[in-house]
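Engineer: One structure, as structure tokens, below. Some questions next.
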Amino acid sequence: MARKSRKTAAQEHIYHVAVYIRTALYIRLSVEDNKKRGNSIDNQQLVLNDYIADKPEFKVYDTYIDNGLSGTTFRRPAFQQMLSDIEAGHIDCVIVKDLSRLGRNFIDTSYYIEQYFSTHNVRFIAVTDQFDTVDADNLHGGIMLPLKNMINEAYALDIGRKIKAQQRQAMQDGEFVGARAPYGYRKDPGNCHKLLIDEDTAKVVRQIFTWAYERVGLNEITRRLNEAGIPTPSHHKKKTGEISHENLIGNGKWQTRTVAKILSSEVYTGDLVQGKTKSIDHRQTKADEENYIRVSGTHEAIVSHEVFNAVQEYRRMVSEESKNRKINAFTPNIFKGKVFCAHCGGSLHRQRNTRKKGPDVYFFHCLSNSRIAKGSCEGVTIREKELISTVTAILEKELSVMLGSSLSLFQYEVRQKQERDRIKEQLSAKRRDMEQNRKLIRGLYEDYVQGIVTGEEYLSMKEDYEKRIAALSADIAALNNDNAALDEQLARYRSMEEDAHRLESDHTLTAELIERLIDRIEITHDHDIHVTFRFQSEFTEQRKAVPLCANT
């Protein structure tokens with residue numbers, strides 16, 4: 001029997017005792033996959049855990065789960081987070097149950113497997129497809145990988161077409177296919193495609209249509225609802241558990257657009273009008289009216305067709321009158337999105353008083369008392385000219401103060417240039433140290449292969465070298481960041497100085513200047529004006545950066 005060399009034996013041994021591989025477990029479940037137990041999140045997790053159970057070299061960095069998301073798009077939160085972690089250097093390997101879990105888009109899936117992962121030195125494994133990018137004998141580089149990806153994409157497209165066809169057929173059969181029942185209705189507990197009247201909210205809908213039928217304006221209807229303390233549709237659905245995410249709840253006050261949406265919805269006549277949107281490139285867009293699906297008498301009506309049609313005719317007439325009214329164009333609003341009421345926090349509405357003689361007068365005022373409820377706010381009204389004059393004076397003064405307190409930047413600029421050479425030397429030294437530690441790891445690996453050190457010693461010493469490398473990397477990043485921060489603040493200072501000189505010379509505010517320098521303007525009933533500047537927080541950071549540079 002031939003005698004094996006010690007080196008060969010060591011090489012065979014290391015194949016089974018590999019170094020740690022930081023691993024990402026990726027799980028995706030689409031809506032259609034919910035019908036298949038084999039693709040459940042728990043089952044995918046079980047498959048992945050079983051795969052790595054006897055492979056101690058795989059250390060799980062994190063598990064990324066996208067639930068209810070299609071594989072035809074890669075705009076998935078967990079997947080994007082995994083890519084961020086890959087690019088941050090935290091992941092060496094990605095493992096999925098099968099290729100379709102990664103994606104069902106042929107071009108993009110192939111790109112990630114064949115290019116992205118390879119470029120970032122990330123190994124990719126699809127367990128049940130027996131696919132591993134480090135295995136030269138698997139599907140990688142052959143015809144089977146693109147073929148499987150094409151099949152997965154075709155499957156997704158076919159399923160998508162079937163779901164859309166089934167959904168449109170359900171619409172044509174008069175079944176409600178929305179995720180949540182319209183305000184005023186609830187879903188039948190025995191049939192989620194059937195609408196039943198919700199008396200608690202239906203009476204509100206009837207009242208809204210009654211007011212509109214009596215030709216009460218949208219603003220007045222909105223104010224009456226708020227004064228009566230009636231919960232908004234989103235807050236009602238939060239109470240019933242239909243809505244839980246805070247981004248869908250709103251501020252609890254009725255808005256004119258909410259009232260207008262209710263008044264334009266034919267669902268309250270007992271008819272269903274669906275298919276108003278369509279999916280294009282995974283985005284919902286408005287469909288043409290000829291594609292709407294209308295079915296009459298699908299559920300009990302809250303208002304009659306006569307009342308509904310009369311309301312629509314009146315709203316159309318008001319809209320036409322507004323369109324035909326000759327209105328001179330407004331001057332540009334340089335404070336757009338910047339001016340708020342200091343009492344209720346609402347944005348101030350810009351309005352114009354037209355004069356027959358002389359220029360029009362513009363002013364800003366709070367709408368809370370007219371839109372929400374009388375007495376809901378102390379109220380703010382201020383002329384635009386007064387606002388411009390006051391904000392200009394405040395801005396000139398603040399710029400002068402900030403620029404004066406930031407003169408230390410220029411005091412340190414000369415020294416910064418001298419420090420730059422020293423920082424470069426530090427950077428070079430730390431990079432040399434990093435390379436030396438990498439060489440030590442490579443040498444340590446050779447010692448391990450030759451049996452000079454044990455596997456436990458190898459892993460322990462390797463971890464120590466890697467910690468040194470990580471610390472050096474952090475030091476290098478800190479040096480670069482400190483230098484870059486000071487450079488950025490110097491550039492910002494010069495830009496502010498130019499703005500200050502320009503404002504001082506012509507005393508003219510522009511939309512661009514306001515956007516660049518001002519974050520928010522709050523005004524009280526007594527015309528006290530508080531301005532929050534963008535540059536205040538920036539120069540707070542600058543004051544921290546200057547001592548850092550001085551002590552570097």
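Here, A, B, ... name the chains of the structure tokens in the order displayed, residue numbers run from 1 inside each chain, and ligands are numbered from 1 in the same displayed order.
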Hey, what's within 10 Å of A:Asn49 if we count only C-alpha atoms and toss same-chain stuff fewer than 5 positions away? As a list in words, please?
Structural biologist: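 Here the qualifying residues turn out to be Leu25, Asn43, Gln44, Asp54 and Val60 of chain A.
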Engineer: Report as JSON lines the residues of stretch 275-362 of chain A within 12 Å of stretch 391-395 of chain A, each with its shortest atom pair and distance in Å (one decimal), using only C-alpha atoms, ordered by chain and increasing residue number.
Structural biologist:
```
{"residue": "A:Ile334", "atom": "CA", "partner": "A:Val391", "partner_atom": "CA", "distance": 11.8}
{"residue": "A:Phe335", "atom": "CA", "partner": "A:Val391", "partner_atom": "CA", "distance": 10.4}
{"residue": "A:Lys338", "atom": "CA", "partner": "A:Val391", "partner_atom": "CA", "distance": 11.7}
{"residue": "A:Val339", "atom": "CA", "partner": "A:Val391", "partner_atom": "CA", "distance": 11.1}
```
Engineer: Report as a list in words all protein, DNA and RNA residues lying within 9 Å of A:Phe209, evaluated on only C-alpha atoms, omitting residues in the same chain fewer than 4 positions from it.
Structural biologist: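 Near A:Phe209, the qualifying residues are Val204, Val205, Tyr213, Glu214, Ile262, Leu263, Val303, Val307, Phe308 and Val311 of chain A.
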Engineer: Show me, as a PyMOL selection string, the residues that have an atom within 10 Å of A:Ala301 when counting only C-alpha atoms, minus same-chain residues fewer than 5 positions from it.
Structural biologist: chain A and resi 185+196-197+202+266-271
Engineer: Generate the output file for the selected residues, N, CA and C atoms, as a tab-separated table (two decimals), in the first residue's frame.
Structural biologist:
```
chain	number	residue	atom	x	y	z
A	185	TYR	N	-68.85	50.09	4.53
A	185	TYR	CA	-69.14	48.67	4.34
A	185	TYR	C	-68.16	47.82	5.15
A	196	LEU	N	-71.15	43.96	2.97
A	196	LEU	CA	-72.32	44.20	3.81
A	196	LEU	C	-72.23	45.61	4.38
A	197	ILE	N	-73.37	46.22	4.65
A	197	ILE	CA	-73.37	47.58	5.21
A	197	ILE	C	-72.87	47.55	6.65
A	202	ALA	N	-71.88	53.74	7.77
A	202	ALA	CA	-72.79	54.03	6.65
A	202	ALA	C	-73.57	55.31	6.92
A	266	GLU	N	-68.86	55.06	-6.80
A	266	GLU	CA	-70.13	54.46	-7.16
A	266	GLU	C	-70.50	53.27	-6.29
A	267	VAL	N	-69.56	52.80	-5.48
A	267	VAL	CA	-69.82	51.63	-4.65
A	267	VAL	C	-71.00	51.89	-3.71
A	268	TYR	N	-71.26	53.17	-3.36
A	268	TYR	CA	-72.32	53.48	-2.42
A	268	TYR	C	-73.71	53.40	-3.05
A	269	THR	N	-73.78	53.22	-4.37
A	269	THR	CA	-75.06	53.03	-5.06
A	269	THR	C	-75.42	51.55	-5.17
A	270	GLY	N	-74.56	50.67	-4.65
A	270	GLY	CA	-74.82	49.24	-4.74
A	270	GLY	C	-74.16	48.61	-5.95
A	271	ASP	N	-73.39	49.40	-6.72
A	271	ASP	CA	-72.69	48.89	-7.90
A	271	ASP	C	-71.19	48.78	-7.62
```
Engineer: Between A:Ile230, A:Val177, A:Met402, A:Leu218, which is the closest to A:Arg315 once you count only C-alpha atoms?
Structural biologist: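 Nearest to A:Arg315: A:Leu218.
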Engineer: Run DSSP on the backbone of this structure and report the residues of stretch 89-259 of chain A it assigns to strand (DSSP E or B), as JSON, numbers by chain.
Structural biologist: {"A": [93, 94, 95, 96, 123, 124, 125, 126, 131, 132, 185, 186, 187, 188, 191, 192, 193, 194, 195, 196, 197]}
Engineer: Measuring atom to atom with only C-alpha atoms, identify which of A:Asp85, A:Glu289, A:Asp433, A:Asp42 is nearest to A:Asn67.
Structural biologist: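 Nearest to A:Asn67: A:Asp42.
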Engineer: Can you list, as a ChimeraX atom specification, every residue of stretch 295-534 of chain A that DSSP puts in helix (DSSP H, G or I)?
Structural biologist: /A:305-324,368-371,384-405,408-449,455-506,511-517
Engineer: So which one's closest to A:Thr277, A:Asn353, A:Thr222, A:Asn291, A:Ser234? Using only C-alpha atoms, please.
Structural biologist: A:Asn291
Engineer: Between A:Gly184, A:Pro359, A:Pro56, A:Gly178, which residue has the minimum interatomic distance to A:Val273, considering only C-alpha atoms?
Structural biologist: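 The closest residue to A:Val273 is A:Gly178.
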Engineer: Go ahead and compute the interatomic distance for atom CA of A:Ser84 and atom CA of A:Ile441, in Å to one decimal.
Structural biologist: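 Going from atom CA of A:Ser84 over to atom CA of A:Ile441, I get 26.7 Å.
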Engineer: Report as JSON, numbers by chain all protein, DNA and RNA residues lying within 10 Å of A:Gln436, evaluated on only C-alpha atoms, omitting residues in the same chain fewer than 6 positions from it.
Structural biologist: {"A": [430, 442, 465, 469]}
Engineer: Could you pull the residues within 12 Å of A:Ser460, counting only C-alpha atoms, minus those fewer than 3 positions along the same chain, as number ranges by chain?
Structural biologist: A: 19-20, 441, 444-445, 448, 453-457, 463-467
